[in-house]
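Shown next: input15.tsv, given as TSV, C-alpha atoms.
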```tsv
chain	number	residue	atom	x	y	z
A	89	MET	CA	-66.29	108.49	22.62
A	90	SER	CA	-69.69	109.09	24.02
A	91	ALA	CA	-71.42	109.11	20.65
A	92	ASN	CA	-70.84	107.99	17.11
A	93	TYR	CA	-69.57	110.67	14.79
A	94	THR	CA	-70.03	110.56	11.05
A	95	GLU	CA	-66.97	110.52	8.82
A	96	GLU	CA	-67.62	114.17	7.86
A	97	GLU	CA	-67.91	115.18	11.54
A	98	MET	CA	-64.63	113.41	12.35
A	99	LYS	CA	-62.93	115.29	9.53
A	100	LEU	CA	-64.25	118.57	10.90
A	101	LEU	CA	-63.03	117.67	14.40
A	102	SER	CA	-59.64	116.61	13.01
A	103	HIS	CA	-59.18	119.69	10.82
A	104	THR	CA	-60.30	122.39	13.25
A	105	PRO	CA	-57.17	122.39	15.48
A	106	HIS	CA	-54.98	122.87	12.39
A	107	PHE	CA	-57.32	125.55	11.10
A	108	VAL	CA	-57.25	127.48	14.39
A	109	GLY	CA	-53.44	127.41	14.57
A	110	SER	CA	-53.05	128.58	11.00
A	111	ALA	CA	-55.68	131.30	11.38
A	112	MET	CA	-53.90	132.67	14.46
A	113	ALA	CA	-50.59	132.71	12.56
A	114	PHE	CA	-52.21	134.73	9.76
A	115	VAL	CA	-53.90	137.13	12.20
A	116	GLY	CA	-50.58	137.93	13.88
A	117	ASN	CA	-48.89	139.52	10.86
A	118	SER	CA	-45.53	138.29	12.14
A	119	GLY	CA	-43.63	138.41	8.88
A	120	LEU	CA	-42.10	135.48	7.06
A	121	PHE	CA	-39.91	134.11	9.86
A	122	GLY	CA	-42.42	134.83	12.61
A	123	THR	CA	-45.23	133.13	10.71
A	124	GLY	CA	-42.95	130.14	10.08
A	125	LYS	CA	-42.23	129.91	13.80
A	126	GLU	CA	-45.95	130.21	14.56
A	127	MET	CA	-46.82	127.41	12.11
A	128	PHE	CA	-44.19	125.17	13.72
A	129	THR	CA	-45.64	126.02	17.15
A	130	SER	CA	-49.10	125.19	15.83
A	131	ALA	CA	-47.99	121.72	14.76
A	132	GLN	CA	-46.27	121.11	18.11
A	133	SER	CA	-49.34	122.33	20.02
A	134	ILE	CA	-51.66	120.09	18.06
A	135	MET	CA	-49.52	117.02	18.71
A	136	SER	CA	-49.22	117.92	22.41
A	137	GLY	CA	-52.85	116.82	22.70
A	138	VAL	CA	-51.56	113.23	22.78
A	139	LYS	CA	-49.76	113.75	26.09
A	140	ASP	CA	-51.90	116.58	27.53
A	141	TYR	CA	-55.19	114.65	27.16
A	142	PRO	CA	-54.24	110.95	27.29
A	143	ASN	CA	-57.70	109.91	28.52
A	144	ASN	CA	-59.71	111.94	26.01
A	145	VAL	CA	-60.72	109.39	23.40
A	146	LEU	CA	-61.90	112.06	20.96
A	147	ILE	CA	-58.60	113.96	20.96
A	148	GLN	CA	-56.64	110.71	20.72
A	149	THR	CA	-58.82	109.67	17.77
A	150	VAL	CA	-58.48	112.88	15.76
A	151	LEU	CA	-54.70	112.93	16.12
A	152	PRO	CA	-52.49	110.72	13.96
A	153	ASN	CA	-51.38	107.59	15.80
A	154	MET	CA	-47.60	107.59	15.55
A	155	ALA	CA	-47.44	104.18	17.27
A	156	GLY	CA	-49.36	102.71	14.33
A	157	GLY	CA	-46.52	103.61	11.97
A	158	THR	CA	-45.43	106.84	10.39
A	159	SER	CA	-46.85	106.07	6.94
A	160	GLU	CA	-50.31	105.52	8.39
A	161	ALA	CA	-50.04	108.71	10.47
A	162	MET	CA	-48.82	110.70	7.47
A	163	GLU	CA	-51.68	109.39	5.35
A	164	LYS	CA	-54.18	110.48	8.00
A	165	MET	CA	-52.62	113.96	8.19
A	166	LYS	CA	-52.63	114.27	4.40
A	167	SER	CA	-56.28	113.25	4.25
A	168	VAL	CA	-57.24	115.88	6.84
A	169	ARG	CA	-55.17	118.54	5.03
A	170	ASP	CA	-56.72	117.73	1.65
A	171	TRP	CA	-60.25	117.71	3.08
A	172	GLY	CA	-59.67	121.10	4.67
A	173	ARG	CA	-58.09	122.58	1.54
A	174	ASP	CA	-60.93	121.39	-0.68
A	175	ARG	CA	-63.51	122.69	1.78
A	176	LEU	CA	-61.91	126.13	1.95
A	177	LYS	CA	-61.69	126.29	-1.81
A	178	ALA	CA	-65.37	125.39	-2.12
A	179	LYS	CA	-66.24	128.15	0.36
A	180	GLY	CA	-64.25	130.69	-1.66
A	181	VAL	CA	-61.79	131.48	1.14
A	182	ASN	CA	-59.22	133.76	-0.47
A	183	SER	CA	-57.92	136.18	2.18
A	184	ALA	CA	-56.64	136.19	5.75
A	185	GLU	CA	-59.95	137.70	6.87
A	186	SER	CA	-62.10	135.09	5.14
A	187	TYR	CA	-59.76	132.39	6.50
A	188	ARG	CA	-60.26	133.70	10.05
A	189	ASP	CA	-64.02	133.95	9.55
A	190	ALA	CA	-64.19	130.38	8.21
A	191	ALA	CA	-62.17	129.15	11.22
A	192	LEU	CA	-64.62	130.85	13.59
A	193	GLU	CA	-67.55	129.33	11.69
A	194	ASP	CA	-66.00	125.87	12.09
A	195	LEU	CA	-65.34	126.47	15.79
A	196	LYS	CA	-69.02	127.28	16.31
A	197	ALA	CA	-70.01	124.13	14.40
A	198	VAL	CA	-67.57	122.08	16.51
A	199	ALA	CA	-68.98	123.52	19.74
A	200	GLN	CA	-72.50	122.53	18.67
A	201	LEU	CA	-71.34	119.11	17.58
A	202	LEU	CA	-69.53	118.50	20.86
A	203	ALA	CA	-72.58	119.64	22.85
A	204	SER	CA	-74.78	117.13	21.05
A	205	LYS	CA	-72.46	114.11	20.86
A	206	SER	CA	-69.78	114.27	23.56
A	207	SER	CA	-69.63	114.08	27.31
A	208	GLN	CA	-69.15	117.41	29.08
A	209	GLN	CA	-65.58	116.50	30.04
A	210	GLU	CA	-64.66	115.32	26.56
A	211	ALA	CA	-66.12	118.49	25.02
A	212	ASP	CA	-64.46	120.82	27.55
A	213	GLU	CA	-61.07	119.21	27.02
A	214	TYR	CA	-61.35	119.41	23.23
A	215	LYS	CA	-62.31	123.10	23.48
A	216	ARG	CA	-59.45	123.86	25.90
A	217	TRP	CA	-57.05	122.06	23.58
A	218	ALA	CA	-58.23	124.03	20.53
A	219	LEU	CA	-57.98	127.33	22.42
A	220	SER	CA	-54.52	126.42	23.77
A	221	ILE	CA	-53.29	125.94	20.21
A	222	ALA	CA	-54.30	129.51	19.33
A	223	GLU	CA	-52.76	130.84	22.56
A	224	LYS	CA	-49.45	129.07	22.01
A	225	VAL	CA	-49.26	130.31	18.42
A	226	ALA	CA	-49.96	133.87	19.61
A	227	MET	CA	-47.16	133.55	22.20
A	228	ALA	CA	-44.64	132.12	19.71
A	229	THR	CA	-43.40	135.50	18.51
A	230	THR	CA	-43.65	139.15	19.43
A	231	GLU	CA	-45.58	141.41	17.10
A	232	GLY	CA	-44.09	144.65	15.78
A	233	SER	CA	-40.53	143.78	16.73
A	234	PHE	CA	-37.38	144.49	14.76
A	235	LEU	CA	-35.00	141.53	14.48
A	236	GLY	CA	-36.67	140.02	17.53
A	237	PHE	CA	-36.26	143.11	19.72
A	238	GLY	CA	-39.15	145.07	21.12
A	239	GLY	CA	-42.70	144.56	20.06
A	240	GLU	CA	-45.60	143.25	22.08
A	241	ARG	CA	-46.44	139.71	23.16
A	242	TYR	CA	-49.98	139.83	21.73
A	243	SER	CA	-51.13	142.14	19.00
A	244	ASP	CA	-54.57	143.68	19.12
A	245	ASN	CA	-55.56	141.36	16.26
A	246	GLU	CA	-54.44	138.32	18.26
A	247	LYS	CA	-56.28	139.47	21.39
A	248	GLN	CA	-59.41	140.05	19.32
A	249	PHE	CA	-59.14	136.63	17.66
A	250	ILE	CA	-58.64	134.90	21.05
A	251	ALA	CA	-61.83	136.62	22.27
A	252	GLN	CA	-63.68	135.45	19.13
A	253	ILE	CA	-62.45	131.88	19.66
A	254	GLU	CA	-63.58	132.01	23.29
A	255	ASN	CA	-66.99	133.22	22.16
A	256	ALA	CA	-67.30	130.54	19.46
A	257	LEU	CA	-66.37	127.77	21.91
A	258	GLY	CA	-68.11	129.21	24.95
A	259	ILE	CA	-64.97	129.16	27.16
A	260	LYS	CA	-62.47	131.64	28.62
A	261	SER	CA	-58.76	131.96	27.87
A	262	ALA	CA	-55.94	132.33	30.37
A	263	ILE	CA	-54.70	135.25	28.25
A	264	ALA	CA	-56.02	138.60	29.40
```
Whole structure, structure tokens version:
Amino acid sequence: MSANYTEEEMKLLSHTPHFVGSAMAFVGNSGLFGTGKEMFTSAQSIMSGVKDYPNNVLIQTVLPNMAGGTSEAMEKMKSVRDWGRDRLKAKGVNSAESYRDAALEDLKAVAQLLASKSSQQEADEYKRWALSIAEKVAMATTEGSFLGFGGERYSDNEKQFIAQIENALGIKSAIA
């Protein structure tokens, strides 16, 4: 990494991809099974950072190292989850809207942090990775369908949230 991050900053950088994926799943209003599929897609998309950005030290650092042993990786994931849960509780996040707003707030903080402590390439790749997680979650199910038939690929809420993520990170999505 191009700069030293504090422990708190590393937790923010580690938690934000999970936060973005979950927030997109909640925004989609996909029902029980759809939201479950979106959460699974979120986890897959987060872990795809290992192979999609093999030379990005920051992304490799925030992800659990499965080569180091599953118990160590699980402990790291649990630590990130607990940190995020405690932080959301302290902020009084208690609805899908406040969850989305808190995710956007964290994305803005991450963008500022990356601008001050990372190389341009490292920052751009992290931002693309975070945005791709939201995009993949949005694409995981159709919205407004009945038993998987009909519906639209992206709901208005998902399109709006993608635009808000782009704005927070200062990048553009491939989704129009």
Counting all atoms listed in the file, which residues sit no farther than 7 Å from the position (-55.3, 128.0, 18.5) in the file's frame? I'd like them as a compact mmCIF listing (two decimals) with C-alpha atoms, in the coordinates of the input.
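This went into point.txt:
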```txt
# COMPACT_ATOMS: atom_id res chain seq x y z
CA PRO A 105 -57.17 122.39 15.48
CA VAL A 108 -57.25 127.48 14.39
CA GLY A 109 -53.44 127.41 14.57
CA MET A 112 -53.90 132.67 14.46
CA ALA A 218 -58.23 124.03 20.53
CA LEU A 219 -57.98 127.33 22.42
CA SER A 220 -54.52 126.42 23.77
CA ILE A 221 -53.29 125.94 20.21
CA ALA A 222 -54.30 129.51 19.33
CA GLU A 223 -52.76 130.84 22.56
CA LYS A 224 -49.45 129.07 22.01
CA VAL A 225 -49.26 130.31 18.42
```
Neighbour list for Ala211 of chain A as a PyMOL selection string, cut-off 9 Å, all atoms listed in the file, skip fewer than 5 positions in-chain: chain A and resi 146+199+202-203+205-206+216
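We find atom CA of Ala111 of chain A and atom CA of Arg188 of chain A to be spaced 5.3 Å apart.
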Who sits within 8 Å of Ser102 of chain A, only C-alpha atoms, same chain under 6 positions skipped, as a list in words: Val150, Leu151 and Val168 of chain A
Nearest-residue call for Arg175 of chain A, choices A:Asp140, A:Lys99, A:Ala251, A:Val115, using all atoms listed in the file: A:Lys99
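With all atoms listed in the file as the atoms that count, the residue of A:Ala155, A:Leu192, A:Leu100, A:Met162 with the shortest distance to Ile250 of chain A is A:Leu192.
Shell of Pro152 of chain A at 12 Å, with only C-alpha atoms counted and residues fewer than 3 places along the chain excluded, is Ser102, His103, Ala131, Ile134, Met135, Ser136, Gly137, Val138, Leu146, Ile147, Gln148, Thr149, Ala155, Gly156, Gly157, Thr158, Ser159, Glu160, Ala161, Met162, Glu163, Lys164, Met165, Lys166, Ser167 and Val168 of chain A.
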Restrict the selected residues to C-alpha atoms and save them as an mmCIF file, in the frame of the given file.
```cif
data_model
loop_
_atom_site.group_PDB
_atom_site.id
_atom_site.type_symbol
_atom_site.label_atom_id
_atom_site.label_comp_id
_atom_site.auth_asym_id
_atom_site.auth_seq_id
_atom_site.Cartn_x
_atom_site.Cartn_y
_atom_site.Cartn_z
ATOM 1 C CA SER A 102 -59.640 116.610 13.010
ATOM 2 C CA HIS A 103 -59.180 119.690 10.820
ATOM 3 C CA ALA A 131 -47.990 121.720 14.760
ATOM 4 C CA ILE A 134 -51.660 120.090 18.060
ATOM 5 C CA MET A 135 -49.520 117.020 18.710
ATOM 6 C CA SER A 136 -49.220 117.920 22.410
ATOM 7 C CA GLY A 137 -52.850 116.820 22.700
ATOM 8 C CA VAL A 138 -51.560 113.230 22.780
ATOM 9 C CA LEU A 146 -61.900 112.060 20.960
ATOM 10 C CA ILE A 147 -58.600 113.960 20.960
ATOM 11 C CA GLN A 148 -56.640 110.710 20.720
ATOM 12 C CA THR A 149 -58.820 109.670 17.770
ATOM 13 C CA ALA A 155 -47.440 104.180 17.270
ATOM 14 C CA GLY A 156 -49.360 102.710 14.330
ATOM 15 C CA GLY A 157 -46.520 103.610 11.970
ATOM 16 C CA THR A 158 -45.430 106.840 10.390
ATOM 17 C CA SER A 159 -46.850 106.070 6.940
ATOM 18 C CA GLU A 160 -50.310 105.520 8.390
ATOM 19 C CA ALA A 161 -50.040 108.710 10.470
ATOM 20 C CA MET A 162 -48.820 110.700 7.470
ATOM 21 C CA GLU A 163 -51.680 109.390 5.350
ATOM 22 C CA LYS A 164 -54.180 110.480 8.000
ATOM 23 C CA MET A 165 -52.620 113.960 8.190
ATOM 24 C CA LYS A 166 -52.630 114.270 4.400
ATOM 25 C CA SER A 167 -56.280 113.250 4.250
ATOM 26 C CA VAL A 168 -57.240 115.880 6.840
#
```
Residues within 10 Å of (-69.6, 129.3, 23.3), file coords, only C-alpha atoms, listed as a PyMOL selection string: chain A and resi 195-196+199-200+215+252-260
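Put simply, atom CA of Lys177 of chain A is 18.4 Å away from atom CA of Leu101 of chain A.
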Given 3 Å on each side, where is the centre and what are the edge lengths in Å to one decimal of the axis-aligned box enclosing the listed atoms of segment 199-205 of chain A, as AutoDock Vina command-line options?
```
--center_x -71.9 --center_y 118.8 --center_z 20.2 --size_x 11.8 --size_y 15.4 --size_z 11.3
```
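Taking atom CA of Glu97 of chain A and atom CA of Leu201 of chain A as the two end points, the separation is 8.0 Å.
Residue nearest Met98 of chain A, chosen from A:Trp171, A:Trp217, A:Gln208, A:Tyr187 and counting all atoms listed in the file: A:Trp171.
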Which residue of A:Ser130, A:Glu213, A:Asn143, A:Phe114 approaches Glu185 of chain A most closely, using all atoms listed in the file: A:Phe114
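Proximity ranking of A:Tyr141, A:Phe249, A:Phe107, A:Tyr93 relative to Ala191 of chain A places A:Phe107 first, based on all atoms listed in the file.
Using only C-alpha atoms, the nearest neighbour of Asn92 of chain A within the list A:Ser110, A:Gln132, A:Ser207, A:Glu246 is A:Ser207.
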What does segment 212-233 of chain A look like written to a file with N, CA and C atoms, as a CSV table (one decimal), in the first residue's frame?
```
chain,number,residue,atom,x,y,z
A,212,ASP,N,-8.6,3.9,-7.6
A,212,ASP,CA,-9.5,3.6,-8.7
A,212,ASP,C,-10.0,2.2,-8.7
A,213,GLU,N,-9.1,1.3,-8.5
A,213,GLU,CA,-9.5,-0.2,-8.5
A,213,GLU,C,-10.4,-0.5,-7.3
A,214,TYR,N,-10.1,0.1,-6.1
A,214,TYR,CA,-10.9,-0.2,-5.0
A,214,TYR,C,-12.3,0.4,-5.3
A,215,LYS,N,-12.4,1.6,-5.8
A,215,LYS,CA,-13.7,2.2,-6.1
A,215,LYS,C,-14.5,1.3,-7.2
A,216,ARG,N,-13.8,0.9,-8.2
A,216,ARG,CA,-14.4,0.1,-9.2
A,216,ARG,C,-14.9,-1.2,-8.6
A,217,TRP,N,-14.1,-1.8,-7.7
A,217,TRP,CA,-14.5,-3.0,-7.1
A,217,TRP,C,-15.8,-2.8,-6.2
A,218,ALA,N,-15.8,-1.8,-5.4
A,218,ALA,CA,-17.0,-1.5,-4.6
A,218,ALA,C,-18.2,-1.2,-5.4
A,219,LEU,N,-18.1,-0.5,-6.5
A,219,LEU,CA,-19.2,-0.2,-7.4
A,219,LEU,C,-19.7,-1.5,-8.1
A,220,SER,N,-18.7,-2.4,-8.5
A,220,SER,CA,-19.1,-3.6,-9.1
A,220,SER,C,-19.9,-4.5,-8.2
A,221,ILE,N,-19.6,-4.5,-6.9
A,221,ILE,CA,-20.4,-5.3,-6.0
A,221,ILE,C,-21.9,-4.8,-6.0
A,222,ALA,N,-22.1,-3.5,-6.0
A,222,ALA,CA,-23.5,-3.0,-6.0
A,222,ALA,C,-24.1,-3.4,-7.3
A,223,GLU,N,-23.4,-3.3,-8.4
A,223,GLU,CA,-24.0,-3.6,-9.7
A,223,GLU,C,-24.3,-5.1,-9.8
A,224,LYS,N,-23.5,-6.0,-9.4
A,224,LYS,CA,-23.7,-7.4,-9.4
A,224,LYS,C,-24.9,-7.8,-8.6
A,225,VAL,N,-25.0,-7.1,-7.4
A,225,VAL,CA,-26.2,-7.4,-6.5
A,225,VAL,C,-27.5,-6.9,-7.2
A,226,ALA,N,-27.4,-5.8,-7.9
A,226,ALA,CA,-28.6,-5.3,-8.6
A,226,ALA,C,-29.0,-6.2,-9.7
A,227,MET,N,-28.0,-6.8,-10.4
A,227,MET,CA,-28.3,-7.7,-11.5
A,227,MET,C,-28.7,-9.1,-11.1
A,228,ALA,N,-28.6,-9.4,-9.8
A,228,ALA,CA,-28.8,-10.8,-9.3
A,228,ALA,C,-30.3,-11.3,-9.5
A,229,THR,N,-31.2,-10.4,-9.4
A,229,THR,CA,-32.6,-10.7,-9.5
A,229,THR,C,-33.4,-9.6,-10.3
A,230,THR,N,-34.5,-10.0,-10.8
A,230,THR,CA,-35.4,-9.0,-11.4
A,230,THR,C,-36.3,-8.5,-10.3
A,231,GLU,N,-36.7,-7.2,-10.5
A,231,GLU,CA,-37.5,-6.5,-9.5
A,231,GLU,C,-39.0,-6.5,-10.1
A,232,GLY,N,-39.9,-6.8,-9.2
A,232,GLY,CA,-41.3,-6.8,-9.6
A,232,GLY,C,-41.8,-8.0,-10.4
A,233,SER,N,-41.0,-9.1,-10.3
A,233,SER,CA,-41.4,-10.3,-11.0
A,233,SER,C,-42.4,-11.1,-10.1
```
